[in-house]
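Asks: The structure follows.
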Amino acid sequence: MKQDPKRKYQIVDTTSSKTASSTVRLLVTAFLSIIRRPHRFMSQLTSRNIRILAKALQNEPKNQIISNLIRLLSSKITRKSASTILSLDEQYQQLLNKQKFTQSDLEKLKQSALKLKYKPLISVVIPVFKPDLAHLNACLQSIEQQIYESWQVCIHDDGSDKEVQNTLSQWNQKDDRFQYTSGDRHLHISGASNKALANCNGDFVAFVDQDDLLSVDALYRIVEALNLDREIDIVYSDHDKISPSGQYILPYFKSDYNPDLILCHNYIGHLLVVRRTLGQEIGWFREGYEGAQDYDLILRLIRRTDRIHHIARVLYHWRQSPQSTAASIDFKPYAVQATRLALEEHLNSSGIKGEVLEAKPPNTFRVKREVSQEHLVSIIIPFADKPQLLLRCIESIRKHDYYREFEVILLSNNSVLRETFDLIDKVASEDSRFHLARYDVPFNYSKINNWAANKAKGKYLLFLNNDTEILHDQWLTNMVEHITRPEVGAVGAKLLYPERTIQHAGVIIGIGGIAAHAFKGFPEGNFGYYGRAALQQNLSAVTGACMLVKRSIFHELEGFDETNLKVSFSDIDLCLRIREAGFLVVFTPYTVLIHHESKTRGADPPIPGSRAYEEVKYFQQRWSKILHEGDPYYNLNLSRNSTDFSLRME
């Protein structure tokens, strides 16, 4: 039963047991025909199809084929149905219901707040301009109700009417921690914020918009983090949005501090808390960046400090209101230009040679760094015969050689076919950058790549699978622009399956108990969760199917682990050791390859006592800390059972 990969699988909904049985048997046939591509099957199931399939399986006589199908797909169907039948907002409502504070919870938090050893004053800055009074009052009430009580609110009214000023005066009379000033001249948001900041006495400053809300534990969570680390300069949290009907929707569960992602868009957003002395040093907000004034502030702050802490909780509720970017950036088109201006100024001030380009999704950017000098890259391609597969890989490299300074080590591991060596002889005679190396030992991915790395001459090492196919000219340039940065240790690419669905957009540690590829099975053009499938960013690991590494770092870390991880997870382990040594791993979506996965080696099942089992066991022991605490570039609120960044419901 052959299916068009662009079409969704269709399942007939019927109450007839005969038809249902026939439908399931056809489905079984389809499934068995694509057993090596289950991601395609799962990615194309609609919520309606899932419901029908579940019903049909439930009613089907339990013969061996059906039992096997249930066993193979049950966990996938359960997860897919949870994330597909329910919308993100419906999932989020369930999550909120689970996390809702009881009165007992609040009392315990209040007691914890009283016991904090370090109790800094938090100044909450709110610029005000012609607000909806109901929203303004709700905003101020959310601060009044904070569990942590050492705060002040500094407001500057930027030319609102008397009714607004009377409201602010009433709040001041009710609680003198609410302070406000007003002026006759309209200063816009940057000027108004700076006016409010002039009245701050706090150790830290929190920024809140006039119609948004803080969760009741927001300031407590901030100070709780500061008690664990007094050196923190910047704190930010996750946020959601408040719909016009008052529902909490569209949660944004963020990465920990991500130096490359912040150059794509202001993912930090709300809630932002800054050490006051640091903000004073840089002069707080600058006029001329209205619409992106907070982004400009963050970019100037990160040039001064990397002591940045992320709280993986929704502490801020951003209201979707008319003329708000929470509803749509289209309401403030000038914000996009201000964002570009802030980024260009950041490049100049940081000494980064490059340009700011528009990216996808809309209102995001790409910092394209200049490659001023081409250093030799050694491309290492291990293979065992399969000459036609190897030829496709080689031809794609030769075709797309915009970056000219490279050598290719064609690393034969136990090849025997004359056709294979004739092919390599022909390629080498035509292009001196290609040459053969033979290392005929029992297959050990780590060992053979380490051996080739010792033979390589390049400043950088590119490990490349023989079942890959380059798609565009600047593929290598786009990776080299990052590996030349002193803070970067490894760079990974975006890989697609032949049918143009995503095979790899970075690796998330902890999914499935070890690690998994982000957005696996998504359509090529899908941006993923808040653009994460389409933006340059830092990750904990990338796949070794196409991974560029500094040779100096590779040798310093003694390469891949050829003792404990002979075949599986050695690339992820290397990336984690690179991170452990203090370097960044970068994922670039601007280098794209086709990965004809599984046409070389199949994955071995982790049967107790087997090599695969021992490798899983070793990895889980070696990296128990990150597996327990969670991937810093993911979020504890996102699923550990799925690669689609759906919410963690378990």
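Residues are referred to by chain and number: the chain letter is A, B, ... according to the order shown in the structure tokens, the number counts from 1 in that chain, and ligands are numbered separately from 1 in the order shown.
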Residues at most 7 Å from segment 518-523 of chain A, counting only C-alpha atoms, excluding those fewer than 4 positions away in the same chain, as a VMD selection string?

Replies: chain A and resid 39 to 40 43 500 to 508 528 533 643 to 644

Asks: Write out as a tab-separated table a residue-level contact list of segment 325-433 of chain A versus segment 584-599 of chain A with cut-off 12 Å: for each qualifying residue the closest pair of atoms and the distance in Å to one decimal, counting only C-alpha atoms, rows sorted by chain and residue number upward.

Replies:
```
residue	atom	partner	partner_atom	distance
A:Ala359	CA	A:Tyr590	CA	10.3
A:Lys360	CA	A:Pro589	CA	10.5
A:Arg366	CA	A:Tyr590	CA	9.6
A:Val367	CA	A:Thr588	CA	11.0
A:Lys368	CA	A:Tyr590	CA	9.9
A:Phe383	CA	A:Lys599	CA	11.5
A:Ala384	CA	A:Lys599	CA	11.5
A:Asp385	CA	A:Lys599	CA	11.8
A:Lys386	CA	A:Lys599	CA	9.2
A:Gln388	CA	A:Lys599	CA	11.4
A:Leu389	CA	A:Lys599	CA	8.6
A:Leu390	CA	A:His596	CA	11.2
A:Arg392	CA	A:His596	CA	10.6
A:Cys393	CA	A:Ile594	CA	9.7
A:Ser396	CA	A:Leu593	CA	9.7
A:Ile397	CA	A:Leu593	CA	10.8
A:His400	CA	A:Leu593	CA	11.4
```

Asks: Tell me, which residues of segment 225-292 of chain A carry DSSP alpha helix (DSSP H), written as a PyMOL selection string?

Replies: chain A and resi 225-228+276-282

Asks: Would you mind listing what lies within 12 Å of Ala198 of chain A as a PyMOL selection string, with only C-alpha atoms counted and same-chain residues fewer than 6 positions away left out?

Replies: chain A and resi 123+125+154-156+179-181+191-192+205+276+279-280+283-285

Asks: Please produce a file of the residues just selected, as a short mmCIF file (atom, residue, chain, number, x, y, z; two decimals), in the first residue's frame, where the atoms kept are N, CA, C and O atoms.

Replies:
```
data_model
loop_
_atom_site.label_atom_id
_atom_site.label_comp_id
_atom_site.auth_asym_id
_atom_site.auth_seq_id
_atom_site.Cartn_x
_atom_site.Cartn_y
_atom_site.Cartn_z
N SER A 123 12.70 46.86 42.97
CA SER A 123 11.96 48.01 42.44
C SER A 123 11.26 47.59 41.15
O SER A 123 11.90 47.13 40.20
N VAL A 125 9.38 48.70 37.94
CA VAL A 125 9.25 49.90 37.11
C VAL A 125 8.11 49.72 36.11
O VAL A 125 8.05 48.72 35.38
N CYS A 154 7.71 51.84 41.12
CA CYS A 154 8.07 53.18 40.62
C CYS A 154 7.40 53.39 39.26
O CYS A 154 7.75 52.71 38.28
N ILE A 155 6.46 54.33 39.24
CA ILE A 155 5.66 54.58 38.04
C ILE A 155 5.94 56.00 37.55
O ILE A 155 6.05 56.93 38.35
N HIS A 156 6.07 56.13 36.25
CA HIS A 156 6.04 57.47 35.67
C HIS A 156 4.91 57.53 34.66
O HIS A 156 4.85 56.74 33.72
N GLN A 179 4.77 54.42 44.23
CA GLN A 179 5.20 55.81 44.03
C GLN A 179 5.06 56.15 42.55
O GLN A 179 5.33 55.32 41.68
N TYR A 180 4.65 57.40 42.31
CA TYR A 180 4.54 57.78 40.90
C TYR A 180 4.91 59.23 40.70
O TYR A 180 4.81 60.06 41.59
N THR A 181 5.39 59.49 39.50
CA THR A 181 5.65 60.85 39.04
C THR A 181 4.91 61.03 37.73
O THR A 181 4.48 60.06 37.09
N GLY A 191 11.93 57.23 27.63
CA GLY A 191 12.06 58.37 28.53
C GLY A 191 11.25 58.20 29.80
O GLY A 191 11.71 58.51 30.91
N ALA A 192 10.03 57.67 29.66
CA ALA A 192 9.17 57.46 30.83
C ALA A 192 9.76 56.41 31.76
O ALA A 192 9.71 56.54 32.99
N VAL A 205 15.90 45.66 39.73
CA VAL A 205 14.78 46.32 39.08
C VAL A 205 14.05 45.30 38.21
O VAL A 205 14.67 44.60 37.40
N ARG A 276 20.46 46.74 39.73
CA ARG A 276 20.31 48.17 39.47
C ARG A 276 21.64 48.85 39.14
O ARG A 276 21.70 49.70 38.24
N GLY A 279 22.50 48.32 35.50
CA GLY A 279 21.69 49.15 34.62
C GLY A 279 22.12 50.60 34.64
O GLY A 279 22.12 51.28 33.60
N GLN A 280 22.51 51.08 35.81
CA GLN A 280 22.97 52.46 35.93
C GLN A 280 24.26 52.67 35.14
O GLN A 280 24.48 53.73 34.54
N GLY A 283 23.39 53.21 31.59
CA GLY A 283 22.47 54.31 31.32
C GLY A 283 21.05 53.90 31.01
O GLY A 283 20.29 54.68 30.42
N TRP A 284 20.67 52.70 31.41
CA TRP A 284 19.31 52.19 31.21
C TRP A 284 18.85 52.33 29.75
O TRP A 284 19.58 51.98 28.84
N PHE A 285 17.70 52.92 29.50
CA PHE A 285 17.13 52.92 28.15
C PHE A 285 17.66 54.09 27.32
O PHE A 285 17.97 55.17 27.85
#
```

Asks: Residues within 9 Å of Gly544 of chain A, please, as number ranges by chain. Count only C-alpha atoms; anything in the same chain fewer than 5 positions from it doesn't count.

Replies: A: 462-465, 492, 570-572

Asks: As a ChimeraX atom specification, please: all residues of segment 97-300 of chain A that backbone DSSP puts in strand (DSSP E or B).

Replies: /A:122-128,151-157,178-182,204-207,213-214,234-242,248-252,272-275

Asks: What's the 12 Å shell around Pro120 of chain A, counting only C-alpha atoms, without same-chain residues fewer than 6 positions away, as a PyMOL selection string?

Replies: chain A and resi 113+148-152+201-205+219-220+222-227+230+275-276

Asks: Atom CA of Glu629 of chain A and atom CA of Ser255 of chain A, how far apart in Å?

Replies: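 Result for atom CA of Ser255 of chain A versus atom CA of Glu629 of chain A: 13.5 Å, one decimal.
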
Asks: Within 12 Å of Gln165 of chain A, counting only C-alpha atoms, which residues show up once you throw out same-chain ones fewer than 2 positions away? Write them as a list in words, please.

Replies: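 So, after excluding close chain neighbours, the residues are Val128, Phe129, Lys130, Pro131, Leu133, Leu136, Ile155, His156, Asp157, Asp158, Gly159, Ser160, Asp161, Lys162, Glu163, Thr167, Leu168, Ser169, Gln170, Trp171, Asn172, Gln179, Tyr180, Thr181, Ser182 and Gly183 of chain A.
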
Asks: List the spatial neighbours of Arg551 of chain A as a list in words - criterion: any atom at most 7 Å away, only C-alpha atoms, same-chain residues fewer than 6 positions off excluded.

Replies: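 Those residues are Lys459, Tyr460 and Leu461 of chain A.
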